[in-house]
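All remarks here apply to the structure that follows.
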Amino acid sequence: MSLPPCPHCQSDYVYEDQSLLICPECGHEWNPNEVEEEVSAKDYNGTPLVAGDKITLAKDLKVKGSSLVLKIGTKATIRHVKDAKDHQLDCKVDGAGEMMLTAKFVKKA
């Protein structure tokens, strides 16, 4: 029986202790039968953001690898929130398509 990797550090050295799984590298303990709580990010004003929220850009943003600039006030819908250092929000941006955005540059609509 193979155990899943640690959700925090992705270590494969996870072991089982009664009903919990434990990671010896980062010390994280979790119950594999419980659903992990949904990852959230905070916007420009500190409001929590979750999947499905409507947002607007709080500043002009240049799109990497393109000459396109997303203007302040551009609307988007969050499709998925990721636990990442940068670009936490997988969004569908009006007029620009799907892209990843950083939470601190948007505000909840």
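Starting from 1 in every chain, residues are counted up; chains themselves are A, B, ... following the order of the structure tokens, and ligands are numbered from 1 as listed.
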Spatial neighbours of range 90-104 of chain A, 9 Å, only C-alpha atoms, chain gap at least 3 places, as an mmCIF file with all heavy atoms, in the first residue's frame:
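Dumped to result_20.cif:
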data_model
loop_
_atom_site.group_PDB
_atom_site.id
_atom_site.type_symbol
_atom_site.label_atom_id
_atom_site.label_comp_id
_atom_site.auth_asym_id
_atom_site.auth_seq_id
_atom_site.Cartn_x
_atom_site.Cartn_y
_atom_site.Cartn_z
ATOM 1 N N ALA A 41 -6.751 32.819 -0.634
ATOM 2 C CA ALA A 41 -5.778 33.897 -0.748
ATOM 3 C C ALA A 41 -6.486 35.181 -0.344
ATOM 4 O O ALA A 41 -7.710 35.235 -0.282
ATOM 5 C CB ALA A 41 -5.273 33.983 -2.185
ATOM 6 N N LYS A 42 -5.715 36.217 -0.053
ATOM 7 C CA LYS A 42 -6.299 37.495 0.343
ATOM 8 C C LYS A 42 -6.010 38.547 -0.721
ATOM 9 O O LYS A 42 -4.915 38.613 -1.259
ATOM 10 C CB LYS A 42 -5.742 37.945 1.687
ATOM 11 C CG LYS A 42 -6.165 36.992 2.781
ATOM 12 C CD LYS A 42 -5.850 37.535 4.131
ATOM 13 C CE LYS A 42 -6.331 36.506 5.138
ATOM 14 N NZ LYS A 42 -6.489 37.012 6.431
ATOM 15 N N ASP A 43 -7.031 39.365 -0.991
ATOM 16 C CA ASP A 43 -6.892 40.383 -2.023
ATOM 17 C C ASP A 43 -6.173 41.623 -1.494
ATOM 18 O O ASP A 43 -5.640 41.638 -0.383
ATOM 19 C CB ASP A 43 -8.260 40.732 -2.616
ATOM 20 C CG ASP A 43 -9.154 41.530 -1.684
ATOM 21 O OD1 ASP A 43 -8.787 41.764 -0.521
ATOM 22 O OD2 ASP A 43 -10.242 41.925 -2.125
ATOM 23 N N TYR A 44 -6.172 42.667 -2.294
ATOM 24 C CA TYR A 44 -5.530 43.940 -2.005
ATOM 25 C C TYR A 44 -5.978 44.525 -0.659
ATOM 26 O O TYR A 44 -5.195 45.108 0.073
ATOM 27 C CB TYR A 44 -5.871 44.896 -3.157
ATOM 28 C CG TYR A 44 -5.300 46.271 -3.077
ATOM 29 C CD1 TYR A 44 -3.977 46.498 -3.428
ATOM 30 C CD2 TYR A 44 -6.072 47.339 -2.683
ATOM 31 C CE1 TYR A 44 -3.441 47.768 -3.376
ATOM 32 C CE2 TYR A 44 -5.549 48.618 -2.620
ATOM 33 C CZ TYR A 44 -4.234 48.829 -2.970
ATOM 34 O OH TYR A 44 -3.711 50.079 -2.916
ATOM 35 N N ASN A 45 -7.251 44.332 -0.303
ATOM 36 C CA ASN A 45 -7.810 44.873 0.932
ATOM 37 C C ASN A 45 -7.800 43.871 2.086
ATOM 38 O O ASN A 45 -8.303 44.168 3.161
ATOM 39 C CB ASN A 45 -9.256 45.339 0.703
ATOM 40 C CG ASN A 45 -9.329 46.476 -0.281
ATOM 41 O OD1 ASN A 45 -8.481 47.341 -0.301
ATOM 42 N ND2 ASN A 45 -10.349 46.452 -1.134
ATOM 43 N N GLY A 46 -7.283 42.664 1.869
ATOM 44 C CA GLY A 46 -7.248 41.654 2.910
ATOM 45 C C GLY A 46 -8.481 40.773 2.968
ATOM 46 O O GLY A 46 -8.648 39.985 3.890
ATOM 47 N N LEU A 49 -10.291 35.332 -0.713
ATOM 48 C CA LEU A 49 -10.777 34.996 -2.052
ATOM 49 C C LEU A 49 -10.885 33.483 -2.178
ATOM 50 O O LEU A 49 -9.994 32.761 -1.715
ATOM 51 C CB LEU A 49 -9.813 35.512 -3.119
ATOM 52 C CG LEU A 49 -9.605 37.016 -3.189
ATOM 53 C CD1 LEU A 49 -8.448 37.336 -4.120
ATOM 54 C CD2 LEU A 49 -10.866 37.709 -3.638
ATOM 55 N N ALA A 51 -12.561 30.166 -4.955
ATOM 56 C CA ALA A 51 -12.973 29.866 -6.329
ATOM 57 C C ALA A 51 -14.410 30.302 -6.550
ATOM 58 O O ALA A 51 -15.269 30.123 -5.690
ATOM 59 C CB ALA A 51 -12.822 28.382 -6.600
ATOM 60 N N ALA A 58 -6.718 45.814 -9.288
ATOM 61 C CA ALA A 58 -6.497 46.987 -8.463
ATOM 62 C C ALA A 58 -5.396 47.879 -9.049
ATOM 63 O O ALA A 58 -5.178 48.989 -8.561
ATOM 64 C CB ALA A 58 -6.127 46.572 -7.043
ATOM 65 N N LEU A 68 0.445 43.148 -24.225
ATOM 66 C CA LEU A 68 -0.863 43.415 -23.631
ATOM 67 C C LEU A 68 -0.725 43.957 -22.206
ATOM 68 O O LEU A 68 0.091 43.482 -21.428
ATOM 69 C CB LEU A 68 -1.685 42.126 -23.605
ATOM 70 C CG LEU A 68 -3.090 42.193 -23.029
ATOM 71 C CD1 LEU A 68 -3.989 43.063 -23.896
ATOM 72 C CD2 LEU A 68 -3.674 40.804 -22.916
ATOM 73 N N LEU A 70 -3.213 44.787 -18.924
ATOM 74 C CA LEU A 70 -4.547 44.703 -18.334
ATOM 75 C C LEU A 70 -4.757 45.954 -17.489
ATOM 76 O O LEU A 70 -3.980 46.224 -16.589
ATOM 77 C CB LEU A 70 -4.673 43.445 -17.467
ATOM 78 C CG LEU A 70 -4.488 42.118 -18.186
ATOM 79 C CD1 LEU A 70 -4.516 40.978 -17.187
ATOM 80 C CD2 LEU A 70 -5.552 41.933 -19.234
ATOM 81 N N THR A 74 -10.344 45.983 -14.736
ATOM 82 C CA THR A 74 -10.691 44.847 -15.586
ATOM 83 C C THR A 74 -11.288 43.744 -14.719
ATOM 84 O O THR A 74 -10.760 43.425 -13.661
ATOM 85 C CB THR A 74 -9.447 44.314 -16.330
ATOM 86 O OG1 THR A 74 -8.893 45.368 -17.111
ATOM 87 C CG2 THR A 74 -9.793 43.143 -17.229
ATOM 88 N N LYS A 75 -12.387 43.162 -15.170
ATOM 89 C CA LYS A 75 -13.086 42.148 -14.381
ATOM 90 C C LYS A 75 -12.583 40.754 -14.725
ATOM 91 O O LYS A 75 -12.158 40.490 -15.845
ATOM 92 C CB LYS A 75 -14.583 42.227 -14.621
ATOM 93 C CG LYS A 75 -15.180 43.521 -14.136
ATOM 94 C CD LYS A 75 -16.653 43.590 -14.390
ATOM 95 C CE LYS A 75 -17.177 44.940 -13.909
ATOM 96 N NZ LYS A 75 -18.604 45.075 -14.101
ATOM 97 N N ALA A 76 -12.654 39.864 -13.728
ATOM 98 C CA ALA A 76 -12.250 38.473 -13.907
ATOM 99 C C ALA A 76 -13.041 37.597 -12.950
ATOM 100 O O ALA A 76 -13.634 38.092 -11.984
ATOM 101 C CB ALA A 76 -10.755 38.312 -13.665
ATOM 102 N N THR A 77 -13.024 36.307 -13.213
ATOM 103 C CA THR A 77 -13.662 35.323 -12.346
ATOM 104 C C THR A 77 -12.612 34.301 -11.947
ATOM 105 O O THR A 77 -11.880 33.784 -12.797
ATOM 106 C CB THR A 77 -14.806 34.600 -13.083
ATOM 107 O OG1 THR A 77 -15.738 35.577 -13.540
ATOM 108 C CG2 THR A 77 -15.522 33.628 -12.161
ATOM 109 N N ILE A 78 -12.532 34.008 -10.645
ATOM 110 C CA ILE A 78 -11.550 33.040 -10.145
ATOM 111 C C ILE A 78 -12.060 31.630 -10.426
ATOM 112 O O ILE A 78 -13.157 31.272 -10.032
ATOM 113 C CB ILE A 78 -11.312 33.218 -8.639
ATOM 114 C CG1 ILE A 78 -10.786 34.617 -8.349
ATOM 115 C CG2 ILE A 78 -10.350 32.157 -8.116
ATOM 116 C CD1 ILE A 78 -10.680 34.938 -6.875
ATOM 117 N N ARG A 79 -11.243 30.834 -11.106
ATOM 118 C CA ARG A 79 -11.594 29.444 -11.385
ATOM 119 C C ARG A 79 -11.028 28.520 -10.323
ATOM 120 O O ARG A 79 -11.657 27.534 -9.968
ATOM 121 C CB ARG A 79 -11.058 29.041 -12.754
ATOM 122 C CG ARG A 79 -11.722 29.828 -13.876
ATOM 123 C CD ARG A 79 -11.247 29.405 -15.223
ATOM 124 N NE ARG A 79 -11.054 27.969 -15.249
ATOM 125 C CZ ARG A 79 -10.316 27.347 -16.132
ATOM 126 N NH1 ARG A 79 -9.700 28.012 -17.059
ATOM 127 N NH2 ARG A 79 -10.184 26.042 -16.096
ATOM 128 N N HIS A 80 -9.818 28.834 -9.826
ATOM 129 C CA HIS A 80 -9.160 27.968 -8.852
ATOM 130 C C HIS A 80 -8.144 28.786 -8.070
ATOM 131 O O HIS A 80 -7.476 29.649 -8.640
ATOM 132 C CB HIS A 80 -8.462 26.816 -9.588
ATOM 133 C CG HIS A 80 -7.869 25.787 -8.695
ATOM 134 N ND1 HIS A 80 -8.628 24.912 -7.960
ATOM 135 C CD2 HIS A 80 -6.585 25.493 -8.405
ATOM 136 C CE1 HIS A 80 -7.830 24.125 -7.263
ATOM 137 N NE2 HIS A 80 -6.580 24.470 -7.527
ATOM 138 N N VAL A 81 -8.036 28.538 -6.774
ATOM 139 C CA VAL A 81 -7.035 29.197 -5.933
ATOM 140 C C VAL A 81 -5.956 28.171 -5.621
ATOM 141 O O VAL A 81 -6.245 27.077 -5.166
ATOM 142 C CB VAL A 81 -7.661 29.723 -4.620
ATOM 143 C CG1 VAL A 81 -6.610 30.374 -3.757
ATOM 144 C CG2 VAL A 81 -8.789 30.692 -4.911
ATOM 145 N N LYS A 82 -4.711 28.522 -5.879
ATOM 146 C CA LYS A 82 -3.591 27.614 -5.654
ATOM 147 C C LYS A 82 -2.747 28.110 -4.490
ATOM 148 O O LYS A 82 -2.677 29.293 -4.218
ATOM 149 C CB LYS A 82 -2.726 27.527 -6.905
ATOM 150 C CG LYS A 82 -3.482 26.992 -8.088
ATOM 151 C CD LYS A 82 -2.587 26.822 -9.275
ATOM 152 C CE LYS A 82 -3.395 26.382 -10.459
ATOM 153 N NZ LYS A 82 -3.246 25.019 -10.802
ATOM 154 N N LYS A 85 3.580 30.717 -4.183
ATOM 155 C CA LYS A 85 4.226 31.952 -3.759
ATOM 156 C C LYS A 85 3.745 33.132 -4.609
ATOM 157 O O LYS A 85 3.406 34.175 -4.080
ATOM 158 C CB LYS A 85 5.738 31.786 -3.887
ATOM 159 C CG LYS A 85 6.515 32.952 -3.374
ATOM 160 C CD LYS A 85 8.004 32.679 -3.443
ATOM 161 C CE LYS A 85 8.774 33.872 -2.955
ATOM 162 N NZ LYS A 85 10.215 33.657 -3.064
ATOM 163 N N ASP A 86 3.724 32.961 -5.901
ATOM 164 C CA ASP A 86 3.220 33.976 -6.838
ATOM 165 C C ASP A 86 2.111 33.353 -7.676
ATOM 166 O O ASP A 86 2.024 32.151 -7.823
ATOM 167 C CB ASP A 86 4.325 34.449 -7.780
ATOM 168 C CG ASP A 86 5.273 35.430 -7.117
ATOM 169 O OD1 ASP A 86 4.870 36.056 -6.125
ATOM 170 O OD2 ASP A 86 6.413 35.558 -7.596
ATOM 171 N N HIS A 87 1.295 34.197 -8.231
ATOM 172 C CA HIS A 87 0.234 33.769 -9.134
ATOM 173 C C HIS A 87 -0.657 32.696 -8.500
ATOM 174 O O HIS A 87 -0.729 31.577 -8.965
ATOM 175 C CB HIS A 87 0.819 33.276 -10.460
ATOM 176 C CG HIS A 87 1.651 34.314 -11.145
ATOM 177 N ND1 HIS A 87 3.011 34.329 -11.049
ATOM 178 C CD2 HIS A 87 1.308 35.374 -11.893
ATOM 179 C CE1 HIS A 87 3.483 35.351 -11.746
ATOM 180 N NE2 HIS A 87 2.462 36.014 -12.262
ATOM 181 N N LYS A 107 -8.939 42.995 -6.317
ATOM 182 C CA LYS A 107 -9.850 43.188 -5.196
ATOM 183 C C LYS A 107 -11.179 42.534 -5.548
ATOM 184 O O LYS A 107 -11.565 42.441 -6.712
ATOM 185 C CB LYS A 107 -10.020 44.655 -4.833
ATOM 186 C CG LYS A 107 -10.520 45.538 -5.918
ATOM 187 C CD LYS A 107 -10.551 46.972 -5.447
ATOM 188 C CE LYS A 107 -10.955 47.887 -6.588
ATOM 189 N NZ LYS A 107 -11.028 49.261 -6.174
#
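Closest approach to Lys54 in chain A among A:Pro32, A:Gly73, A:Gln88, A:Cys9: A:Gly73, based on only C-alpha atoms.
You will find CA of Gly52 in chain A at 23.3 Å from CA of Pro7 in chain A.
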#### Entry: Non-local contacts of Pro5 in chain A (10 Å; only C-alpha atoms; under 5 positions in same chain excluded) as JSON, numbers by chain
{"A": [10, 11, 12, 13, 14, 15, 21, 22, 23]}
### Task
Apply DSSP to the backbone of this structure and, from range 18-103 of chain A, keep only the residues in strand (DSSP E or B); write these as an MDAnalysis selection string.
chainID A and resid 20:22 29:30 41:42 48:49 54:57 61:62 69:70 75:81 89:93 97:101
Could you take the residues named above and write them with N, CA, C and O atoms, as a compact mmCIF listing (two decimals), in the first residue's frame?
# COMPACT_ATOMS: atom_id res chain seq x y z
N LEU A 20 -3.54 8.68 11.64
CA LEU A 20 -2.89 9.86 11.07
C LEU A 20 -1.73 9.48 10.17
O LEU A 20 -1.10 8.44 10.34
N LEU A 21 -1.45 10.34 9.21
CA LEU A 21 -0.23 10.24 8.42
C LEU A 21 0.70 11.34 8.90
O LEU A 21 0.27 12.46 9.17
N ILE A 22 2.01 11.04 9.00
CA ILE A 22 2.97 11.99 9.55
C ILE A 22 4.15 12.12 8.59
O ILE A 22 4.66 11.12 8.07
N GLU A 29 1.12 16.65 10.33
CA GLU A 29 0.27 15.49 10.59
C GLU A 29 -1.11 15.75 10.01
O GLU A 29 -1.63 16.85 10.13
N TRP A 30 -1.71 14.76 9.38
CA TRP A 30 -3.04 14.93 8.83
C TRP A 30 -3.77 13.59 8.78
O TRP A 30 -3.16 12.54 8.78
N ALA A 41 -6.75 32.82 -0.63
CA ALA A 41 -5.78 33.90 -0.75
C ALA A 41 -6.49 35.18 -0.34
O ALA A 41 -7.71 35.24 -0.28
N LYS A 42 -5.71 36.22 -0.05
CA LYS A 42 -6.30 37.49 0.34
C LYS A 42 -6.01 38.55 -0.72
O LYS A 42 -4.92 38.61 -1.26
N PRO A 48 -10.66 37.60 2.03
CA PRO A 48 -10.37 36.25 1.52
C PRO A 48 -11.02 36.00 0.16
O PRO A 48 -12.15 36.41 -0.08
N LEU A 49 -10.29 35.33 -0.71
CA LEU A 49 -10.78 35.00 -2.05
C LEU A 49 -10.88 33.48 -2.18
O LEU A 49 -9.99 32.76 -1.72
N LYS A 54 -15.92 36.91 -8.06
CA LYS A 54 -15.70 37.90 -9.12
C LYS A 54 -14.72 38.92 -8.56
O LYS A 54 -14.85 39.37 -7.42
N ILE A 55 -13.72 39.28 -9.36
CA ILE A 55 -12.69 40.22 -8.92
C ILE A 55 -12.48 41.30 -9.97
O ILE A 55 -12.89 41.14 -11.12
N THR A 56 -11.83 42.39 -9.56
CA THR A 56 -11.38 43.43 -10.49
C THR A 56 -9.91 43.71 -10.20
O THR A 56 -9.45 43.53 -9.07
N LEU A 57 -9.18 44.16 -11.20
CA LEU A 57 -7.77 44.48 -11.02
C LEU A 57 -7.63 45.78 -10.24
O LEU A 57 -8.34 46.75 -10.52
N LEU A 61 -1.61 45.87 -15.03
CA LEU A 61 -0.66 44.76 -15.04
C LEU A 61 -0.21 44.45 -16.45
O LEU A 61 -1.03 44.31 -17.36
N LYS A 62 1.10 44.33 -16.65
CA LYS A 62 1.65 43.89 -17.92
C LYS A 62 1.56 42.37 -17.97
O LYS A 62 1.80 41.69 -16.98
N VAL A 69 -1.51 44.99 -21.89
CA VAL A 69 -1.57 45.54 -20.54
C VAL A 69 -3.01 45.44 -20.07
O VAL A 69 -3.92 45.93 -20.73
N LEU A 70 -3.21 44.79 -18.92
CA LEU A 70 -4.55 44.70 -18.33
C LEU A 70 -4.76 45.95 -17.49
O LEU A 70 -3.98 46.22 -16.59
N LYS A 75 -12.39 43.16 -15.17
CA LYS A 75 -13.09 42.15 -14.38
C LYS A 75 -12.58 40.75 -14.72
O LYS A 75 -12.16 40.49 -15.84
N ALA A 76 -12.65 39.86 -13.73
CA ALA A 76 -12.25 38.47 -13.91
C ALA A 76 -13.04 37.60 -12.95
O ALA A 76 -13.63 38.09 -11.98
N THR A 77 -13.02 36.31 -13.21
CA THR A 77 -13.66 35.32 -12.35
C THR A 77 -12.61 34.30 -11.95
O THR A 77 -11.88 33.78 -12.80
N ILE A 78 -12.53 34.01 -10.65
CA ILE A 78 -11.55 33.04 -10.15
C ILE A 78 -12.06 31.63 -10.43
O ILE A 78 -13.16 31.27 -10.03
N ARG A 79 -11.24 30.83 -11.11
CA ARG A 79 -11.59 29.44 -11.39
C ARG A 79 -11.03 28.52 -10.32
O ARG A 79 -11.66 27.53 -9.97
N HIS A 80 -9.82 28.83 -9.83
CA HIS A 80 -9.16 27.97 -8.85
C HIS A 80 -8.14 28.79 -8.07
O HIS A 80 -7.48 29.65 -8.64
N VAL A 81 -8.04 28.54 -6.77
CA VAL A 81 -7.03 29.20 -5.93
C VAL A 81 -5.96 28.17 -5.62
O VAL A 81 -6.24 27.08 -5.17
N LEU A 89 -3.98 32.83 -8.23
CA LEU A 89 -5.33 32.78 -8.77
C LEU A 89 -5.34 32.36 -10.23
O LEU A 89 -4.73 33.01 -11.08
N ASP A 90 -6.04 31.27 -10.52
CA ASP A 90 -6.26 30.83 -11.90
C ASP A 90 -7.58 31.46 -12.31
O ASP A 90 -8.63 31.11 -11.77
N CYS A 91 -7.55 32.43 -13.21
CA CYS A 91 -8.73 33.25 -13.52
C CYS A 91 -9.08 33.24 -15.00
O CYS A 91 -8.24 32.96 -15.85
N LYS A 92 -10.31 33.62 -15.26
CA LYS A 92 -10.75 33.92 -16.62
C LYS A 92 -10.95 35.43 -16.65
O LYS A 92 -11.85 35.97 -16.01
N VAL A 93 -10.08 36.13 -17.37
CA VAL A 93 -10.08 37.59 -17.43
C VAL A 93 -10.88 38.04 -18.65
O VAL A 93 -10.65 37.54 -19.76
N GLY A 97 -8.78 36.27 -21.74
CA GLY A 97 -8.76 34.82 -21.63
C GLY A 97 -8.33 34.34 -20.26
O GLY A 97 -8.45 35.04 -19.27
N GLU A 98 -7.82 33.11 -20.23
CA GLU A 98 -7.43 32.50 -18.97
C GLU A 98 -5.97 32.82 -18.65
O GLU A 98 -5.11 32.74 -19.52
N MET A 99 -5.72 33.17 -17.39
CA MET A 99 -4.35 33.43 -16.95
C MET A 99 -4.26 33.36 -15.44
O MET A 99 -5.27 33.37 -14.75
N MET A 100 -3.03 33.32 -14.94
CA MET A 100 -2.77 33.29 -13.51
C MET A 100 -2.49 34.72 -13.04
O MET A 100 -1.78 35.47 -13.71
N LEU A 101 -3.07 35.08 -11.89
CA LEU A 101 -2.87 36.42 -11.32
C LEU A 101 -2.40 36.30 -9.88
O LEU A 101 -2.67 35.31 -9.20
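Nearest residue to Val50 in chain A among A:Asp83, A:Ile72, A:Gly65, A:Gln18 is A:Asp83, counting only C-alpha atoms.
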#### Entry: Length of the CA of Thr47 in chain A to CA of Lys108 in chain A vector [Å]
7.2 Å
